[in-house]
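Trainee: After the structure tokens below, expect a handful of questions from me.
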Amino acid sequence: MALLQIAEPGLTAAPHQHRLAVGIDLGTTNSLVAAVRSGMAVCLPDAFGRVTLPSVVRYGSNGDADVGFDALKAQKIDPANTISSAKRLIGRSLSDIHADENTRFLPYRFGENERVIELHTRAGSKTPIEVSADILRVLKQRAEVSLGGELVGAVITVPAYFDDAQRQATKDAARLAGLNVLRLLNEPTAAAIAYGLDNRAEGTFAVYDLGGGTFDVSILTLSRGLFEVKATNGNSALGGDDFDHRLFCWLLEQNHLSSLPEIDNALLLSLARAAKESLTTDNSTTIQATLSDGTSIATTIDCGTFHQITQHLIAKTLEPVKQAMRDANVRKQDIKGVIMVGGATRMRHVQQAVATFFGQTPLTNLNPDEVVALGAAMQANVLAGNKNDEEWLLLDVTPLSLGLETYGGLTEKVIPRNSTLPTARAQDFTTFKDGQTAMMIHVVQGERELVSDCRSLARFTLRGIPPMVAGAARIRVTFQVDADGLLSVSAREQTTGVQAQIEVKPSYGLDDAAITQMLKDSIAHAAGDAAERARAEAVVEAQSLMDAVNNALALDADLLNDDEHAAIQAALNHVQTKLANAEAAVIRETAQILSKTTDSFAEKRMNRNIQRALQGKKLAEI
Ligand code: AMP
């Protein structure tokens, strides 16, 4: 296995010189920055001692950006100019946003630009990259004040499911904030780093990450100095907020309330959240409120009831867990530890359900809100060269297969799903037509057999292929995915060395729901896809044969008598009639008849070609 050495050349610190580097958990709801101080990773607080920074930015009329708690407070009164959840928008297109339940209803004025999301605020239009940069800028400043110097760089965490565009956009945001990105690190991997080092743990681990709005699960193997993500899965629309919402609905039922004014809904929802959090430590709690029409509410809920009404939400997290385990090819008994990440994993019945599922008590001794930032800080410390005697290795995986479009609209997978990163794979392709001098390379991502069912990532053209007969050119296409999960593709014609390449910066993002959907589709459509693939291949083969026969007829039809010519033409027509709709087997059968019908023609052509080759040559030259 190719291992990646993370300690980068040229970054070795001079003795005793500590280079300042931080880990940043750039979250959907909250962000944190952490650093290793006196050998310990710690989250860095603001001037008020708070370590979390709400990932909310409010834009003022003179172009200023208020980031964090004040912006969060202002959100209710100034929703259009106060941007939260930028992480759900980053690296995605307008149509992605409109198609996504999680983002469709965000109260922003979106611009018309399909490729880059623009949010119209009173300070002008802002992209999610700029919003994220504003958050990162505050964290950078906090770190520099706290650590007393300029940062060498930062490790920034991203969800394991972030695709190329989302990762690239996150990097762009960091650059905009003046941060040197040492590495993008998958969030579960960061959590594993925090636990792996603190506990000196080795083996296969599951990372169960239930945040406010999202759920992610990853299966990793940890051995001393080596982290490898085997598989990832999740649900982008499931988190602590759903527990609040369920409790809010229960509260309405108990008090026979329906369709309240917006202000009452907001009040009850925030009380439901507080009640949920207090039920983590208390056995019961009372929700008290006075609604805008003067009605008073005082409803007591105990743990048992809360657990009962929200159990189905926990059950929903276990499906992605099972799928990730299937993908990683591990059984429950192989899992040596379950790492809990995200504030919602504090809930007792979540911990109980996870314990029952895996047959073991999950690891909860690190703060589930801080664990990702802490792991990122440890990684940053190594990458900055502060730990040169201890080499770290870190391996992640590709969430979806990466491949190419081949003739007939079929995908050829070059890098399969869950391949360990970084990775590079090459595959040889050839030209399909005689004299073909250019080849369009269409890079796609997804599990399905047909290109039309996969996500298009990039297209580029390899030009300058010398004219040759079909199938003679050797075009090597190399896919390379770096440690940050970013893809570059190159194509090289082997005999001439002509080359073309592209760094894939797709204009559309895939969120984890889309990835989950694509995986589900690939399973559901497996049989149909196989038939479709077989058909498409049969069509390509038959067309190739017909082209060859037509070329031969154009050159050497005089070798045939009328009957032979008519028979070949009839066989050609027969194949042609089957191409549009017939099944693979039928197309192959008719192509075989065409092939047989042309046997004697092929023989005559071969004789003629040999005669031509020998003409005028002396025996000694042959
Ligand atoms: P995160 O996105 O990781 O910050 O998680 C936020 C979620 O964790 C929210 O839904 C919070 O209500 C939830 N949460 C935070 N603390 C607790 C707690 N003590 N008990 C239950 N849920 C909590």
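Ordered as shown in the structure tokens, chains take letters A, B, and onward, while each chain numbers its residues from 1 and ligands are numbered from 1 in the order shown.
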All residues within 6 Å of ligand 1 are required, counting only C-alpha atoms and all ligand atoms; please report them as JSON, numbers by chain.

Mentor: {"A": [29, 30, 211, 212, 240, 241, 273, 276, 277, 280, 342, 343, 344, 346, 347, 369]}

Trainee: Hey, what's within 10 Å of range 109-113 of chain A if we count only C-alpha atoms and toss same-chain stuff fewer than 4 positions away? As a PDB file with C-alpha atoms, in the first residue's frame, please?

Mentor:
```pdb
ATOM      1  CA  ALA A  80     -31.599  38.739   4.724  1.00  0.00           C
ATOM      2  CA  ASN A  81     -28.245  40.269   5.681  1.00  0.00           C
ATOM      3  CA  SER A  93     -24.546  25.535  -7.736  1.00  0.00           C
ATOM      4  CA  LEU A  94     -27.850  27.351  -7.633  1.00  0.00           C
ATOM      5  CA  ILE A  97     -29.452  24.573  -3.654  1.00  0.00           C
ATOM      6  CA  ILE A 117     -23.963  31.219  -5.499  1.00  0.00           C
ATOM      7  CA  GLU A 118     -24.341  34.875  -4.675  1.00  0.00           C
ATOM      8  CA  LEU A 119     -26.243  36.164  -1.695  1.00  0.00           C
ATOM      9  CA  HIS A 120     -27.485  39.708  -1.989  1.00  0.00           C
ATOM     10  CA  THR A 121     -26.809  41.610   1.217  1.00  0.00           C
ATOM     11  CA  SER A 125     -23.351  40.311  -3.140  1.00  0.00           C
ATOM     12  CA  LYS A 126     -21.435  37.717  -1.126  1.00  0.00           C
ATOM     13  CA  THR A 127     -20.480  34.207  -2.120  1.00  0.00           C
TER      14      THR A 127
END
```

Trainee: To one decimal in Å, tell me the separation between CA of Val155 in chain A and CA of Leu486 in chain A.

Mentor: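 Result for CA of Val155 in chain A versus CA of Leu486 in chain A: 15.5 Å, one decimal.
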
Trainee: Work out how far apart CA of Thr285 in chain A and CA of Asp264 in chain A are and give it in Å to one decimal.

Mentor: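 Result for CA of Thr285 in chain A versus CA of Asp264 in chain A: 19.7 Å, one decimal.
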
Trainee: If you run DSSP on the backbone here, which positions in range 309-526 of chain A get helix (DSSP H, G or I)? Please write them as a PyMOL selection string.

Mentor: chain A and resi 309-328+332-334+343-346+348-358+371-383+451-453+512-524+526

Trainee: Based on DSSP run over this structure's backbone, return all residues of range 64-284 of chain A in strand (DSSP E), as a compact mmCIF listing (two decimals) with all heavy atoms, in the first residue's frame.

Mentor:
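Once written, states-v7.txt looks like this:
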```
# COMPACT_ATOMS: atom_id res chain seq x y z
N ALA A 65 -18.40 43.32 8.55
CA ALA A 65 -18.97 41.99 8.79
C ALA A 65 -18.89 41.69 10.28
O ALA A 65 -17.81 41.69 10.87
CB ALA A 65 -18.20 40.95 8.00
N ASP A 66 -20.04 41.44 10.87
CA ASP A 66 -20.11 41.07 12.28
C ASP A 66 -20.19 39.55 12.33
O ASP A 66 -21.11 38.97 11.73
CB ASP A 66 -21.39 41.70 12.85
CG ASP A 66 -21.24 42.02 14.32
OD1 ASP A 66 -20.25 41.57 14.90
OD2 ASP A 66 -22.13 42.71 14.85
N VAL A 67 -19.26 38.90 13.00
CA VAL A 67 -19.22 37.43 12.96
C VAL A 67 -19.43 36.86 14.35
O VAL A 67 -18.83 37.34 15.31
CB VAL A 67 -17.84 36.95 12.42
CG1 VAL A 67 -17.79 35.42 12.35
CG2 VAL A 67 -17.55 37.54 11.05
N THR A 82 -27.99 38.46 7.27
CA THR A 82 -27.26 37.67 8.26
C THR A 82 -27.19 36.23 7.73
O THR A 82 -28.18 35.54 7.64
CB THR A 82 -28.00 37.70 9.61
OG1 THR A 82 -28.28 39.06 9.92
CG2 THR A 82 -27.15 37.11 10.71
N ILE A 83 -25.98 35.83 7.37
CA ILE A 83 -25.83 34.55 6.67
C ILE A 83 -25.35 33.48 7.65
O ILE A 83 -24.31 33.61 8.29
CB ILE A 83 -24.80 34.65 5.52
CG1 ILE A 83 -25.04 35.91 4.67
CG2 ILE A 83 -24.81 33.39 4.68
CD1 ILE A 83 -26.35 35.98 3.96
N ARG A 109 -31.56 36.32 -0.36
CA ARG A 109 -31.86 36.72 -1.73
C ARG A 109 -30.71 36.20 -2.59
O ARG A 109 -29.60 36.74 -2.56
CB ARG A 109 -31.97 38.24 -1.82
CG ARG A 109 -33.15 38.79 -1.02
CD ARG A 109 -33.31 40.27 -1.29
NE ARG A 109 -32.15 41.03 -0.86
CZ ARG A 109 -32.06 41.65 0.34
NH1 ARG A 109 -33.07 41.63 1.17
NH2 ARG A 109 -30.98 42.32 0.65
N PHE A 110 -30.99 35.09 -3.30
CA PHE A 110 -29.94 34.48 -4.12
C PHE A 110 -29.82 35.23 -5.45
O PHE A 110 -30.82 35.66 -6.03
CB PHE A 110 -30.30 33.02 -4.42
CG PHE A 110 -30.13 32.12 -3.23
CD1 PHE A 110 -31.22 31.70 -2.49
CD2 PHE A 110 -28.87 31.67 -2.84
CE1 PHE A 110 -31.07 30.87 -1.39
CE2 PHE A 110 -28.72 30.84 -1.74
CZ PHE A 110 -29.81 30.44 -1.02
N LEU A 119 -25.19 35.78 -2.63
CA LEU A 119 -26.24 36.16 -1.69
C LEU A 119 -26.26 37.68 -1.65
O LEU A 119 -25.23 38.31 -1.39
CB LEU A 119 -25.92 35.60 -0.31
CG LEU A 119 -25.64 34.09 -0.29
CD1 LEU A 119 -24.93 33.68 0.98
CD2 LEU A 119 -26.94 33.33 -0.43
N HIS A 120 -27.41 38.25 -1.97
CA HIS A 120 -27.49 39.71 -1.99
C HIS A 120 -27.66 40.23 -0.57
O HIS A 120 -28.65 39.92 0.09
CB HIS A 120 -28.64 40.17 -2.87
CG HIS A 120 -28.39 39.89 -4.32
ND1 HIS A 120 -27.20 40.20 -4.93
CD2 HIS A 120 -29.15 39.31 -5.27
CE1 HIS A 120 -27.24 39.83 -6.19
NE2 HIS A 120 -28.42 39.28 -6.42
N THR A 121 -26.70 41.00 -0.11
CA THR A 121 -26.81 41.61 1.22
C THR A 121 -26.68 43.12 1.02
O THR A 121 -26.33 43.58 -0.07
CB THR A 121 -25.68 41.15 2.16
OG1 THR A 121 -24.46 41.77 1.74
CG2 THR A 121 -25.50 39.65 2.13
N GLY A 124 -23.55 44.36 -0.52
CA GLY A 124 -23.26 43.85 -1.86
C GLY A 124 -23.43 42.34 -1.89
O GLY A 124 -23.83 41.73 -0.90
N SER A 125 -23.12 41.75 -3.05
CA SER A 125 -23.35 40.31 -3.14
C SER A 125 -22.16 39.56 -2.56
O SER A 125 -21.00 39.95 -2.73
CB SER A 125 -23.69 39.92 -4.58
OG SER A 125 -22.56 39.47 -5.21
N LYS A 126 -22.46 38.50 -1.82
CA LYS A 126 -21.44 37.72 -1.13
C LYS A 126 -21.57 36.25 -1.54
O LYS A 126 -22.68 35.71 -1.54
CB LYS A 126 -21.64 37.80 0.40
CG LYS A 126 -21.52 39.20 0.96
CD LYS A 126 -20.06 39.61 1.08
CE LYS A 126 -19.94 41.06 1.51
NZ LYS A 126 -18.56 41.56 1.43
N GLY A 153 0.36 28.15 9.39
CA GLY A 153 -0.70 27.57 8.57
C GLY A 153 -1.78 26.93 9.42
O GLY A 153 -1.71 26.95 10.65
N ALA A 154 -2.77 26.37 8.71
CA ALA A 154 -3.90 25.77 9.42
C ALA A 154 -4.33 24.48 8.72
O ALA A 154 -4.22 24.36 7.50
CB ALA A 154 -5.08 26.74 9.43
N VAL A 155 -4.79 23.56 9.54
CA VAL A 155 -5.47 22.37 9.01
C VAL A 155 -6.95 22.65 9.16
O VAL A 155 -7.41 23.00 10.26
CB VAL A 155 -5.06 21.10 9.78
CG1 VAL A 155 -6.00 19.94 9.46
CG2 VAL A 155 -3.63 20.73 9.45
N ILE A 156 -7.69 22.55 8.08
CA ILE A 156 -9.12 22.85 8.14
C ILE A 156 -9.90 21.57 7.88
O ILE A 156 -9.57 20.82 6.95
CB ILE A 156 -9.49 23.94 7.11
CG1 ILE A 156 -8.68 25.19 7.44
CG2 ILE A 156 -10.99 24.23 7.12
CD1 ILE A 156 -8.92 26.34 6.52
N THR A 157 -10.89 21.32 8.72
CA THR A 157 -11.63 20.07 8.55
C THR A 157 -12.85 20.28 7.65
O THR A 157 -13.46 21.34 7.62
CB THR A 157 -12.09 19.50 9.90
OG1 THR A 157 -12.92 20.46 10.55
CG2 THR A 157 -10.91 19.14 10.77
N VAL A 158 -13.18 19.22 6.91
CA VAL A 158 -14.36 19.22 6.03
C VAL A 158 -15.08 17.88 6.23
O VAL A 158 -14.45 16.89 6.62
CB VAL A 158 -13.96 19.35 4.54
CG1 VAL A 158 -13.47 20.74 4.22
CG2 VAL A 158 -12.92 18.31 4.13
N VAL A 181 -3.20 26.94 3.96
CA VAL A 181 -3.84 25.65 4.28
C VAL A 181 -2.78 24.54 4.23
O VAL A 181 -2.26 24.21 3.18
CB VAL A 181 -4.98 25.32 3.28
CG1 VAL A 181 -5.64 24.00 3.65
CG2 VAL A 181 -5.99 26.44 3.26
N LEU A 182 -2.47 24.01 5.39
CA LEU A 182 -1.51 22.91 5.43
C LEU A 182 -2.16 21.65 4.90
O LEU A 182 -1.54 20.84 4.23
CB LEU A 182 -1.06 22.67 6.88
CG LEU A 182 -0.30 23.82 7.54
CD1 LEU A 182 -0.13 23.56 9.02
CD2 LEU A 182 1.05 24.02 6.87
N ARG A 183 -3.42 21.49 5.19
CA ARG A 183 -4.17 20.33 4.69
C ARG A 183 -5.65 20.49 5.00
O ARG A 183 -6.00 21.07 6.03
CB ARG A 183 -3.65 19.05 5.35
CG ARG A 183 -4.44 17.83 4.98
CD ARG A 183 -3.59 16.62 4.77
NE ARG A 183 -2.49 16.91 3.86
CZ ARG A 183 -1.39 16.19 3.81
NH1 ARG A 183 -1.23 15.18 4.61
NH2 ARG A 183 -0.44 16.49 2.96
N LEU A 184 -6.48 19.93 4.10
CA LEU A 184 -7.89 19.75 4.46
C LEU A 184 -7.97 18.35 5.05
O LEU A 184 -7.38 17.41 4.52
CB LEU A 184 -8.79 19.82 3.22
CG LEU A 184 -8.85 21.15 2.48
CD1 LEU A 184 -9.82 21.03 1.30
CD2 LEU A 184 -9.28 22.29 3.39
N LEU A 185 -8.69 18.23 6.13
CA LEU A 185 -8.74 16.95 6.82
C LEU A 185 -10.20 16.55 7.02
O LEU A 185 -11.02 17.40 7.40
CB LEU A 185 -8.05 17.13 8.18
CG LEU A 185 -7.89 15.93 9.08
CD1 LEU A 185 -7.00 14.88 8.44
CD2 LEU A 185 -7.25 16.37 10.41
N ASN A 186 -10.52 15.31 6.74
CA ASN A 186 -11.90 14.87 6.96
C ASN A 186 -12.23 14.92 8.45
O ASN A 186 -11.42 14.52 9.29
CB ASN A 186 -12.11 13.45 6.45
CG ASN A 186 -12.23 13.42 4.93
OD1 ASN A 186 -12.51 14.44 4.31
ND2 ASN A 186 -12.02 12.27 4.36
N GLY A 203 -6.69 -0.29 16.06
CA GLY A 203 -7.74 -1.20 15.61
C GLY A 203 -8.72 -0.50 14.67
O GLY A 203 -8.44 0.56 14.13
N THR A 204 -9.88 -1.15 14.47
CA THR A 204 -10.91 -0.56 13.60
C THR A 204 -11.90 0.21 14.45
O THR A 204 -12.36 -0.29 15.48
CB THR A 204 -11.65 -1.68 12.82
OG1 THR A 204 -10.68 -2.39 12.06
CG2 THR A 204 -12.69 -1.12 11.88
N PHE A 205 -12.21 1.42 14.01
CA PHE A 205 -13.09 2.29 14.80
C PHE A 205 -14.23 2.82 13.95
O PHE A 205 -14.09 2.96 12.73
CB PHE A 205 -12.30 3.48 15.36
CG PHE A 205 -11.38 3.09 16.47
CD1 PHE A 205 -10.15 2.52 16.19
CD2 PHE A 205 -11.76 3.25 17.79
CE1 PHE A 205 -9.30 2.12 17.21
CE2 PHE A 205 -10.92 2.86 18.82
CZ PHE A 205 -9.69 2.29 18.52
N ALA A 206 -15.34 3.10 14.63
CA ALA A 206 -16.44 3.79 13.96
C ALA A 206 -16.51 5.19 14.55
O ALA A 206 -16.34 5.37 15.75
CB ALA A 206 -17.73 3.05 14.20
N VAL A 207 -16.71 6.18 13.69
CA VAL A 207 -16.92 7.55 14.18
C VAL A 207 -18.38 7.90 13.90
O VAL A 207 -18.81 7.90 12.74
CB VAL A 207 -15.97 8.55 13.48
CG1 VAL A 207 -16.23 9.96 14.01
CG2 VAL A 207 -14.51 8.17 13.73
N TYR A 208 -19.11 8.14 14.97
CA TYR A 208 -20.55 8.42 14.88
C TYR A 208 -20.71 9.90 15.19
O TYR A 208 -20.47 10.34 16.32
CB TYR A 208 -21.25 7.53 15.91
CG TYR A 208 -22.76 7.67 15.99
CD1 TYR A 208 -23.59 6.73 15.40
CD2 TYR A 208 -23.35 8.72 16.68
CE1 TYR A 208 -24.97 6.83 15.49
CE2 TYR A 208 -24.72 8.83 16.78
CZ TYR A 208 -25.53 7.87 16.18
OH TYR A 208 -26.90 7.97 16.27
N ASP A 209 -21.04 10.69 14.17
CA ASP A 209 -21.04 12.16 14.31
C ASP A 209 -22.45 12.70 14.09
O ASP A 209 -22.92 12.81 12.96
CB ASP A 209 -20.05 12.73 13.28
CG ASP A 209 -19.98 14.26 13.34
OD1 ASP A 209 -20.77 14.88 14.07
OD2 ASP A 209 -19.12 14.83 12.63
N LEU A 210 -23.11 13.02 15.21
CA LEU A 210 -24.46 13.58 15.13
C LEU A 210 -24.40 15.03 15.61
O LEU A 210 -24.26 15.30 16.80
CB LEU A 210 -25.42 12.75 15.99
CG LEU A 210 -26.91 13.06 15.82
CD1 LEU A 210 -27.41 12.78 14.41
CD2 LEU A 210 -27.73 12.24 16.82
N PHE A 215 -25.75 14.12 10.02
CA PHE A 215 -25.22 12.90 10.61
C PHE A 215 -24.19 12.29 9.65
O PHE A 215 -24.44 12.19 8.45
CB PHE A 215 -26.35 11.89 10.87
CG PHE A 215 -25.82 10.55 11.30
CD1 PHE A 215 -25.16 10.42 12.51
CD2 PHE A 215 -25.93 9.43 10.48
CE1 PHE A 215 -24.61 9.20 12.90
CE2 PHE A 215 -25.40 8.22 10.87
CZ PHE A 215 -24.74 8.10 12.09
N ASP A 216 -23.05 11.94 10.19
CA ASP A 216 -22.01 11.27 9.39
C ASP A 216 -21.47 10.09 10.16
O ASP A 216 -21.32 10.16 11.38
CB ASP A 216 -20.82 12.22 9.16
CG ASP A 216 -21.12 13.26 8.12
OD1 ASP A 216 -21.52 12.88 7.02
OD2 ASP A 216 -20.98 14.46 8.44
N VAL A 217 -21.19 9.03 9.44
CA VAL A 217 -20.53 7.89 10.09
C VAL A 217 -19.34 7.48 9.22
O VAL A 217 -19.41 7.55 7.99
CB VAL A 217 -21.50 6.70 10.30
CG1 VAL A 217 -22.13 6.24 8.99
CG2 VAL A 217 -20.80 5.55 10.99
N SER A 218 -18.26 7.12 9.86
CA SER A 218 -17.08 6.68 9.13
C SER A 218 -16.50 5.46 9.82
O SER A 218 -16.58 5.34 11.03
CB SER A 218 -16.01 7.77 9.12
OG SER A 218 -16.55 8.95 8.61
N ILE A 219 -15.95 4.59 9.01
CA ILE A 219 -15.25 3.43 9.57
C ILE A 219 -13.76 3.65 9.28
O ILE A 219 -13.38 3.87 8.13
CB ILE A 219 -15.72 2.11 8.90
CG1 ILE A 219 -17.24 1.98 8.98
CG2 ILE A 219 -15.00 0.91 9.49
CD1 ILE A 219 -17.81 1.82 10.37
N LEU A 220 -12.97 3.63 10.33
CA LEU A 220 -11.53 3.89 10.17
C LEU A 220 -10.72 2.79 10.83
O LEU A 220 -11.18 2.16 11.77
CB LEU A 220 -11.13 5.19 10.88
CG LEU A 220 -11.89 6.45 10.56
CD1 LEU A 220 -12.75 6.82 11.72
CD2 LEU A 220 -10.92 7.55 10.27
N THR A 221 -9.53 2.61 10.30
CA THR A 221 -8.60 1.77 11.05
C THR A 221 -7.50 2.66 11.59
O THR A 221 -7.02 3.55 10.89
CB THR A 221 -7.97 0.66 10.19
OG1 THR A 221 -7.43 1.24 9.03
CG2 THR A 221 -8.97 -0.41 9.84
N LEU A 222 -7.16 2.43 12.81
CA LEU A 222 -6.09 3.17 13.45
C LEU A 222 -5.05 2.19 13.94
O LEU A 222 -5.39 1.23 14.61
CB LEU A 222 -6.62 3.91 14.69
CG LEU A 222 -7.16 5.32 14.52
CD1 LEU A 222 -8.52 5.29 13.91
CD2 LEU A 222 -7.19 5.99 15.86
N SER A 223 -3.83 2.44 13.57
CA SER A 223 -2.76 1.73 14.25
C SER A 223 -1.71 2.80 14.50
O SER A 223 -1.78 3.88 13.90
CB SER A 223 -2.22 0.59 13.41
OG SER A 223 -1.69 1.10 12.23
N LEU A 226 -0.86 5.51 12.01
CA LEU A 226 -1.55 5.31 10.72
C LEU A 226 -3.05 5.38 10.88
O LEU A 226 -3.65 4.66 11.67
CB LEU A 226 -1.17 3.94 10.15
CG LEU A 226 -1.80 3.62 8.80
CD1 LEU A 226 -1.10 4.38 7.69
CD2 LEU A 226 -1.73 2.13 8.52
N PHE A 227 -3.66 6.28 10.14
CA PHE A 227 -5.11 6.41 10.15
C PHE A 227 -5.62 6.13 8.74
O PHE A 227 -5.15 6.74 7.80
CB PHE A 227 -5.53 7.82 10.51
CG PHE A 227 -5.08 8.26 11.87
CD1 PHE A 227 -3.82 8.78 12.04
CD2 PHE A 227 -5.92 8.14 12.95
CE1 PHE A 227 -3.40 9.18 13.30
CE2 PHE A 227 -5.50 8.54 14.20
CZ PHE A 227 -4.24 9.06 14.38
N GLU A 228 -6.56 5.26 8.63
CA GLU A 228 -7.11 5.00 7.31
C GLU A 228 -8.63 4.98 7.38
O GLU A 228 -9.20 4.24 8.17
CB GLU A 228 -6.59 3.65 6.79
CG GLU A 228 -7.00 3.40 5.37
CD GLU A 228 -6.42 2.10 4.81
OE1 GLU A 228 -5.68 1.41 5.55
OE2 GLU A 228 -6.72 1.79 3.67
N VAL A 229 -9.26 5.83 6.55
CA VAL A 229 -10.73 5.83 6.50
C VAL A 229 -11.15 4.76 5.51
O VAL A 229 -10.79 4.80 4.35
CB VAL A 229 -11.28 7.19 6.02
CG1 VAL A 229 -12.80 7.18 6.04
CG2 VAL A 229 -10.77 8.31 6.89
N LYS A 230 -11.91 3.78 5.97
CA LYS A 230 -12.31 2.67 5.10
C LYS A 230 -13.60 2.98 4.35
O LYS A 230 -13.79 2.54 3.22
CB LYS A 230 -12.53 1.40 5.94
CG LYS A 230 -11.28 0.84 6.55
CD LYS A 230 -10.50 0.11 5.49
CE LYS A 230 -9.40 -0.71 6.14
NZ LYS A 230 -8.49 -1.24 5.14
N ALA A 231 -14.53 3.64 5.00
CA ALA A 231 -15.81 3.93 4.34
C ALA A 231 -16.51 5.05 5.09
O ALA A 231 -16.29 5.25 6.28
CB ALA A 231 -16.69 2.69 4.32
N THR A 232 -17.35 5.75 4.35
CA THR A 232 -18.12 6.83 4.98
C THR A 232 -19.56 6.77 4.48
O THR A 232 -19.83 6.27 3.40
CB THR A 232 -17.54 8.21 4.62
OG1 THR A 232 -17.54 8.33 3.21
CG2 THR A 232 -16.15 8.39 5.14
N ASN A 233 -20.47 7.28 5.29
CA ASN A 233 -21.88 7.35 4.91
C ASN A 233 -22.56 8.41 5.77
O ASN A 233 -21.91 8.99 6.65
CB ASN A 233 -22.54 5.98 5.09
CG ASN A 233 -23.62 5.74 4.05
OD1 ASN A 233 -24.59 6.50 3.98
ND2 ASN A 233 -23.46 4.73 3.22
N GLY A 234 -23.82 8.66 5.55
CA GLY A 234 -24.47 9.67 6.41
C GLY A 234 -25.83 10.12 5.90
O GLY A 234 -26.39 9.54 4.99
N ASN A 235 -26.32 11.16 6.55
CA ASN A 235 -27.60 11.76 6.19
C ASN A 235 -27.48 13.26 6.47
O ASN A 235 -27.29 13.67 7.62
CB ASN A 235 -28.71 11.13 7.04
CG ASN A 235 -30.08 11.62 6.67
OD1 ASN A 235 -30.23 12.71 6.10
ND2 ASN A 235 -31.09 10.84 6.99
N SER A 284 -36.36 14.72 34.35
CA SER A 284 -37.54 15.35 33.75
C SER A 284 -37.34 16.86 33.76
O SER A 284 -36.46 17.39 34.47
CB SER A 284 -38.81 14.97 34.51
OG SER A 284 -38.86 15.67 35.73
```

Trainee: Show me, as a ChimeraX atom specification, the residues that have an atom within 10 Å of Ala194 in chain A when counting only C-alpha atoms, minus same-chain residues fewer than 3 positions from it.

Mentor: /A:41,188-191,197-200,366,370-379

Trainee: How would the residues just chosen look if you wrote them out with C-alpha atoms as a compact mmCIF listing (two decimals), in the first residue's frame?

Mentor:
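As written to disk, result_5.txt reads:
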```
# COMPACT_ATOMS: atom_id res chain seq x y z
CA ALA A 41 -4.27 20.27 22.05
CA PRO A 188 -14.05 11.93 11.36
CA THR A 189 -10.38 11.46 10.68
CA ALA A 190 -9.63 14.49 12.85
CA ALA A 191 -11.74 12.97 15.64
CA LEU A 197 -3.20 9.85 20.18
CA ASP A 198 -4.81 10.57 23.50
CA ASN A 199 -5.69 6.96 24.15
CA ARG A 200 -2.96 5.22 22.19
CA LEU A 366 -13.38 13.94 24.86
CA GLU A 370 -14.24 20.03 20.40
CA VAL A 371 -12.84 16.70 19.32
CA VAL A 372 -12.62 17.56 15.59
CA ALA A 373 -10.80 20.85 16.18
CA LEU A 374 -8.45 19.14 18.66
CA GLY A 375 -7.51 16.44 16.15
CA ALA A 376 -6.99 19.07 13.44
CA ALA A 377 -4.69 21.00 15.80
CA MET A 378 -2.58 17.88 16.43
CA GLN A 379 -2.32 17.31 12.70
```

Trainee: Of the residues A:Thr496, A:Thr461, A:Asn367, A:Thr52, which is the one nearest to Arg474 in chain A, using only C-alpha atoms?

Mentor: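 Answer, going by the shortest atom-to-atom distance: A:Thr496.
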
Trainee: Contacts of Arg492 in chain A at 8 Å or less, counting only C-alpha atoms, minus same-chain residues fewer than 4 places along, as an MDAnalysis selection string?

Mentor: chainID A and resid 462 475:477 497:500
